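A.B. asks: Input: one structure, supplied below.
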Amino acid sequence: MPKGYLIGHVTITDPEAYKAYGARNDELLPQFGGRFLVRGGAAETVEGQTKERHVILEFDSLEAAKTFYNSPEYQENMKIRLANSTGDIVIVEGVA
């Protein structure tokens with residue numbers, strides 16, 4: 001079964017307030033079988049336009065990634081992200 005990935009491209013507008021979002025994700029992800037593959041770090045945009053921060057979460061399946069994103073726990077935490085950043089999020093199925 002192909003893995004599922006949640007990919008985010010984010011520009012943080014209030015770094016101090018955003019820290020609470022990251023800390024809560026550290027607690028939530030293992031509960032949904034998720035793990036960070038990319039979380040910030042050095043990046044170079046070689047084509048197009050993007051945000052300043054990149055995040056890739058890996059899950060055992062596309063359905064698991066969707067379950068995490070749609071969970072009441074993440075939806076509550078997401079309010080912190082939306083209040084303190086702008087970005088684009090996509091959930092995608094990996095190669096089988």
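Numbering starts fresh at 1 for the residues of each chain in the structure tokens, the chains themselves are lettered A, B, ... in the order given, and ligands are numbered from 1 as they appear.
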Quick one: residues within 10 Å of region 34-38 of chain A, only C-alpha atoms, excluding same-chain residues fewer than 5 positions away - as a PDB file with N, CA and C atoms, in the first residue's frame?

C.D. replies:
ATOM      1  N   GLY A   4       1.126   7.872   2.506  1.00  0.00           N
ATOM      2  CA  GLY A   4       0.486   9.162   2.301  1.00  0.00           C
ATOM      3  C   GLY A   4       1.375  10.254   2.858  1.00  0.00           C
ATOM      4  N   TYR A   5       1.330  11.395   2.217  1.00  0.00           N
ATOM      5  CA  TYR A   5       2.176  12.519   2.624  1.00  0.00           C
ATOM      6  C   TYR A   5       1.352  13.787   2.747  1.00  0.00           C
ATOM      7  N   LEU A   6       1.599  14.531   3.784  1.00  0.00           N
ATOM      8  CA  LEU A   6       1.049  15.870   3.937  1.00  0.00           C
ATOM      9  C   LEU A   6       2.221  16.815   3.718  1.00  0.00           C
ATOM     10  N   ILE A   7       2.089  17.681   2.731  1.00  0.00           N
ATOM     11  CA  ILE A   7       3.169  18.594   2.362  1.00  0.00           C
ATOM     12  C   ILE A   7       2.691  20.012   2.582  1.00  0.00           C
ATOM     13  N   GLY A   8       3.466  20.781   3.320  1.00  0.00           N
ATOM     14  CA  GLY A   8       3.125  22.164   3.594  1.00  0.00           C
ATOM     15  C   GLY A   8       4.231  23.105   3.168  1.00  0.00           C
ATOM     16  N   ASN A  25       1.872  19.508  17.475  1.00  0.00           N
ATOM     17  CA  ASN A  25       2.047  18.506  16.419  1.00  0.00           C
ATOM     18  C   ASN A  25       2.996  17.395  16.862  1.00  0.00           C
ATOM     19  N   ASP A  26       4.001  17.747  17.654  1.00  0.00           N
ATOM     20  CA  ASP A  26       4.915  16.731  18.172  1.00  0.00           C
ATOM     21  C   ASP A  26       4.155  15.690  18.994  1.00  0.00           C
ATOM     22  N   LEU A  28       0.713  15.102  18.624  1.00  0.00           N
ATOM     23  CA  LEU A  28      -0.351  14.505  17.810  1.00  0.00           C
ATOM     24  C   LEU A  28       0.149  13.494  16.782  1.00  0.00           C
ATOM     25  N   LEU A  29       1.227  13.804  16.112  1.00  0.00           N
ATOM     26  CA  LEU A  29       1.678  12.966  14.992  1.00  0.00           C
ATOM     27  C   LEU A  29       1.826  11.485  15.332  1.00  0.00           C
ATOM     28  N   ARG A  53       9.090  28.168   4.418  1.00  0.00           N
ATOM     29  CA  ARG A  53       9.261  26.959   5.233  1.00  0.00           C
ATOM     30  C   ARG A  53       8.565  25.790   4.551  1.00  0.00           C
ATOM     31  N   HIS A  54       9.205  24.623   4.591  1.00  0.00           N
ATOM     32  CA  HIS A  54       8.671  23.433   3.943  1.00  0.00           C
ATOM     33  C   HIS A  54       8.596  22.299   4.955  1.00  0.00           C
ATOM     34  N   VAL A  55       7.481  21.579   4.917  1.00  0.00           N
ATOM     35  CA  VAL A  55       7.257  20.479   5.847  1.00  0.00           C
ATOM     36  C   VAL A  55       6.695  19.300   5.063  1.00  0.00           C
ATOM     37  N   ILE A  56       7.231  18.116   5.321  1.00  0.00           N
ATOM     38  CA  ILE A  56       6.684  16.887   4.738  1.00  0.00           C
ATOM     39  C   ILE A  56       6.471  15.901   5.875  1.00  0.00           C
ATOM     40  N   LEU A  57       5.218  15.467   6.012  1.00  0.00           N
ATOM     41  CA  LEU A  57       4.848  14.447   6.989  1.00  0.00           C
ATOM     42  C   LEU A  57       4.547  13.162   6.238  1.00  0.00           C
ATOM     43  N   GLU A  58       5.022  12.051   6.754  1.00  0.00           N
ATOM     44  CA  GLU A  58       4.771  10.742   6.139  1.00  0.00           C
ATOM     45  C   GLU A  58       3.824   9.937   7.022  1.00  0.00           C
ATOM     46  N   PHE A  59       2.863   9.275   6.375  1.00  0.00           N
ATOM     47  CA  PHE A  59       1.912   8.397   7.045  1.00  0.00           C
ATOM     48  C   PHE A  59       1.905   7.061   6.333  1.00  0.00           C
ATOM     49  N   ASP A  60       1.390   6.029   6.979  1.00  0.00           N
ATOM     50  CA  ASP A  60       1.378   4.693   6.400  1.00  0.00           C
ATOM     51  C   ASP A  60       0.487   4.582   5.164  1.00  0.00           C
ATOM     52  N   SER A  61      -0.458   5.516   5.011  1.00  0.00           N
ATOM     53  CA  SER A  61      -1.356   5.481   3.856  1.00  0.00           C
ATOM     54  C   SER A  61      -1.925   6.877   3.612  1.00  0.00           C
ATOM     55  N   ALA A  64      -4.573   7.509   6.177  1.00  0.00           N
ATOM     56  CA  ALA A  64      -4.054   7.921   7.490  1.00  0.00           C
ATOM     57  C   ALA A  64      -3.702   9.408   7.500  1.00  0.00           C
ATOM     58  N   ALA A  65      -3.143   9.907   6.402  1.00  0.00           N
ATOM     59  CA  ALA A  65      -2.824  11.338   6.309  1.00  0.00           C
ATOM     60  C   ALA A  65      -4.099  12.169   6.376  1.00  0.00           C
ATOM     61  N   PHE A  68      -5.532  12.159   9.959  1.00  0.00           N
ATOM     62  CA  PHE A  68      -4.824  13.122  10.803  1.00  0.00           C
ATOM     63  C   PHE A  68      -5.323  14.540  10.541  1.00  0.00           C
TER      64      PHE A  68
END

A.B. asks: How would you write, as a ChimeraX atom specification, the set of residues in chain A that DSSP gives as helix (DSSP H, G or I)?

C.D. replies: /A:15-31,62-70,72-84

A.B. asks: Please report, as a PyMOL selection string, each residue of chain A to which DSSP assigns strand (DSSP E) when run on this structure's backbone.

C.D. replies: chain A and resi 4-12+35-39+53-59+85-93

A.B. asks: The selected residues should be written to file as an mmCIF file, in the first residue's frame (atoms: C-alpha atoms).

C.D. replies:
data_model
loop_
_atom_site.group_PDB
_atom_site.id
_atom_site.type_symbol
_atom_site.label_atom_id
_atom_site.label_comp_id
_atom_site.auth_asym_id
_atom_site.auth_seq_id
_atom_site.Cartn_x
_atom_site.Cartn_y
_atom_site.Cartn_z
ATOM 1 C CA GLY A 4 0.486 9.162 2.301
ATOM 2 C CA TYR A 5 2.176 12.519 2.624
ATOM 3 C CA LEU A 6 1.049 15.870 3.937
ATOM 4 C CA ILE A 7 3.169 18.594 2.362
ATOM 5 C CA GLY A 8 3.125 22.164 3.594
ATOM 6 C CA HIS A 9 4.726 25.334 2.281
ATOM 7 C CA VAL A 10 4.403 28.010 4.946
ATOM 8 C CA THR A 11 5.454 31.554 5.754
ATOM 9 C CA ILE A 12 5.327 32.149 9.502
ATOM 10 C CA ARG A 35 6.443 11.268 11.205
ATOM 11 C CA PHE A 36 8.372 14.284 9.982
ATOM 12 C CA LEU A 37 10.560 13.810 6.920
ATOM 13 C CA VAL A 38 11.172 17.538 6.414
ATOM 14 C CA ARG A 39 10.587 20.279 8.966
ATOM 15 C CA ARG A 53 9.261 26.959 5.233
ATOM 16 C CA HIS A 54 8.671 23.433 3.943
ATOM 17 C CA VAL A 55 7.257 20.479 5.847
ATOM 18 C CA ILE A 56 6.684 16.887 4.738
ATOM 19 C CA LEU A 57 4.848 14.447 6.989
ATOM 20 C CA GLU A 58 4.771 10.742 6.139
ATOM 21 C CA PHE A 59 1.912 8.397 7.045
ATOM 22 C CA SER A 85 1.161 31.908 9.169
ATOM 23 C CA THR A 86 0.115 31.714 5.550
ATOM 24 C CA GLY A 87 0.620 28.666 3.424
ATOM 25 C CA ASP A 88 -0.417 25.873 1.147
ATOM 26 C CA ILE A 89 -1.079 22.313 2.284
ATOM 27 C CA VAL A 90 -1.550 19.260 0.078
ATOM 28 C CA ILE A 91 -2.136 15.596 0.903
ATOM 29 C CA VAL A 92 -0.714 13.241 -1.708
ATOM 30 C CA GLU A 93 -0.387 9.509 -2.233
#

A.B. asks: What is the CA of Ser71 (chain A) to CA of Gly40 (chain A) distance in Å?

C.D. replies: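 Computing the Euclidean distance for CA of Ser71 (chain A) and CA of Gly40 (chain A) yields 23.5 Å.
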
A.B. asks: Between A:Pro30, A:Gly41, A:Gly94, A:Gly48, which residue has the minimum interatomic distance to Lys3 (chain A), considering only C-alpha atoms?

C.D. replies: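 Nearest candidate to Lys3 (chain A) out of A:Pro30, A:Gly41, A:Gly94, A:Gly48: A:Gly94.
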
A.B. asks: Check the smallest atom-to-atom distance from each of A:Gln75, A:Asn84, A:Thr13, A:Thr67 to Gly33 (chain A) using only C-alpha atoms, then report the winner.

C.D. replies: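 Of A:Gln75, A:Asn84, A:Thr13, A:Thr67, the one nearest Gly33 (chain A), counting only C-alpha atoms, is A:Thr67.
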